[in-house]
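See below for the structure under consideration.
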Amino acid sequence: MNATNRRLAIFDKLLNEKRVVVMNLAEEFNVTPMTIRRDLSVLEKQGVITTYYGGASLNEGAASEPSFMLKNKNAIDEKMAIAYEASKLINEGDSVYIDCGTTCYNIGRFLKNKKITVLTNSIRLIETIKEKDRIDIIVAPGVYSRIAEAALSSSTIEFFEKHHVDKAFVTSQGFDLVKGASVPEEMDGKVKASILPISKQSILLIDHTKFGQVFFSIHGLPSDYSMIITDEGVDPAIVKQCEELGLPLRIAPYIRRRETRWD
């Protein structure tokens, strides 16, 4: 196992167990304790864990956000289902904003080579659609965020304010039925919020694990979104609450259950 995959595996273990011990990890991955300490140091620099003598613990605060790579490893089936469902809403001739979240990155993998215009600040998304020659790509400027792998700054917001799109696909780290959608990082929240006034339809993409979570920066109230797409793992009680509140919830079936493949 290479270093990247080992760190992803360690992070996955932290998500499940909240704490890890260096010596146990060294034995499990058949590497030296020094190698594990280096792995933990990399994760600590991303702000998602705190190391201490002999181990580390997961940071679960409202301002803590894992990197794009770490987030992209989690809830894969859920994100693929939501991304596929979202891609079906994009029609020939549409102008769309596609956000920098990991679910949005996967929309690009399902997009047909339609005549559409894609506005984005996501470097990763561009990788998935750059060979589709009928798709016009407009890339927002701004300061590059290594965590989000996207442009996130005031100049990004100013750029978006000069455009208008038919549909905006926005992701979020958390969603509360009263407080709305939120992310740990303030500038990320401001950039996402700047998309709402420039789109005819704003579509929120959140897997079922995001419900009930609230982070530092609120970027949209529940009523700001014309549709919320989640996966079939969502709690039936949440579905009922959304119905009672009049929130338009769309549930995406898991792709593997439909025997649909992705590349």
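We label chains A, B, ... in the order they appear in the structure tokens, count residues from 1 in each chain, and number ligands from 1 in the order shown.
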* Determine, counting only C-alpha atoms, which protein, DNA and RNA residues have an atom within 12 Å of an atom of Pro236 (chain A); residues of the same chain fewer than 5 positions away are not included. Present the result as a ChimeraX atom specification. => /A:208,211,231,241-243,249,251
* To do: Write out as a list of chain:residue names all residues of region 137-169 of chain A that DSSP puts in strand (DSSP E) for this structure's backbone.
  => A:Ile137, A:Ile138, A:Val139, A:Tyr144, A:Ser145, A:Ala150, A:Ala151, A:Val165, A:Asp166, A:Lys167, A:Ala168, A:Phe169
Keeping only N, CA and C atoms, write the selected residues to a file as a PDB file, in the first residue's frame.
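Everything below was put into again_5.pdb:
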```pdb
ATOM      1  N   ILE A 137     -16.421  25.480 -21.223  1.00  0.00           N
ATOM      2  CA  ILE A 137     -16.048  25.568 -19.810  1.00  0.00           C
ATOM      3  C   ILE A 137     -15.592  26.987 -19.489  1.00  0.00           C
ATOM      4  N   ILE A 138     -16.227  27.596 -18.502  1.00  0.00           N
ATOM      5  CA  ILE A 138     -15.817  28.912 -18.008  1.00  0.00           C
ATOM      6  C   ILE A 138     -15.254  28.712 -16.602  1.00  0.00           C
ATOM      7  N   VAL A 139     -13.989  29.037 -16.435  1.00  0.00           N
ATOM      8  CA  VAL A 139     -13.297  28.778 -15.166  1.00  0.00           C
ATOM      9  C   VAL A 139     -13.178  30.068 -14.369  1.00  0.00           C
ATOM     10  N   TYR A 144      -6.263  29.899  -5.055  1.00  0.00           N
ATOM     11  CA  TYR A 144      -6.427  28.449  -5.064  1.00  0.00           C
ATOM     12  C   TYR A 144      -6.435  27.896  -3.642  1.00  0.00           C
ATOM     13  N   SER A 145      -7.481  27.124  -3.333  1.00  0.00           N
ATOM     14  CA  SER A 145      -7.579  26.447  -2.042  1.00  0.00           C
ATOM     15  C   SER A 145      -7.127  25.008  -2.214  1.00  0.00           C
ATOM     16  N   ALA A 150      -9.909  24.245  -5.491  1.00  0.00           N
ATOM     17  CA  ALA A 150     -10.763  25.157  -6.255  1.00  0.00           C
ATOM     18  C   ALA A 150     -10.366  26.597  -5.958  1.00  0.00           C
ATOM     19  N   ALA A 151     -10.861  27.509  -6.793  1.00  0.00           N
ATOM     20  CA  ALA A 151     -10.655  28.937  -6.564  1.00  0.00           C
ATOM     21  C   ALA A 151     -11.682  29.418  -5.545  1.00  0.00           C
ATOM     22  N   VAL A 165     -26.838  31.711 -14.682  1.00  0.00           N
ATOM     23  CA  VAL A 165     -26.944  30.328 -15.153  1.00  0.00           C
ATOM     24  C   VAL A 165     -28.368  29.807 -14.974  1.00  0.00           C
ATOM     25  N   ASP A 166     -28.698  28.795 -15.772  1.00  0.00           N
ATOM     26  CA  ASP A 166     -30.011  28.169 -15.654  1.00  0.00           C
ATOM     27  C   ASP A 166     -30.119  27.342 -14.381  1.00  0.00           C
ATOM     28  N   LYS A 167     -29.056  26.580 -14.095  1.00  0.00           N
ATOM     29  CA  LYS A 167     -29.077  25.680 -12.939  1.00  0.00           C
ATOM     30  C   LYS A 167     -27.735  25.748 -12.214  1.00  0.00           C
ATOM     31  N   ALA A 168     -27.799  25.723 -10.898  1.00  0.00           N
ATOM     32  CA  ALA A 168     -26.590  25.679 -10.080  1.00  0.00           C
ATOM     33  C   ALA A 168     -26.637  24.437  -9.202  1.00  0.00           C
ATOM     34  N   PHE A 169     -25.571  23.662  -9.241  1.00  0.00           N
ATOM     35  CA  PHE A 169     -25.466  22.455  -8.415  1.00  0.00           C
ATOM     36  C   PHE A 169     -24.448  22.744  -7.310  1.00  0.00           C
TER      37      PHE A 169
END
```
* To do: Quick one: everything within 8 Å of region 224-228 of chain A, counting only C-alpha atoms, minus sequence neighbours fewer than 2 positions away in the same chain. Send it as a list of chain:residue names.
  =>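 Once the nearby chain positions are removed, what remains is A:Leu196, A:Gln201, A:Ser202, A:Ile203, A:Leu204, A:Leu205, A:Ile206, A:Gly220, A:Leu221, A:Pro222, A:Thr230, A:Leu247, A:Pro248, A:Leu249, A:Arg250.
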* Looking only at helix (DSSP H, G or I) from DSSP on the backbone, list the matching residues of region 102-241 of chain A as number ranges by chain. => A: 102-110, 123-129, 154-160, 186-198, 208-210, 222-224, 236-241
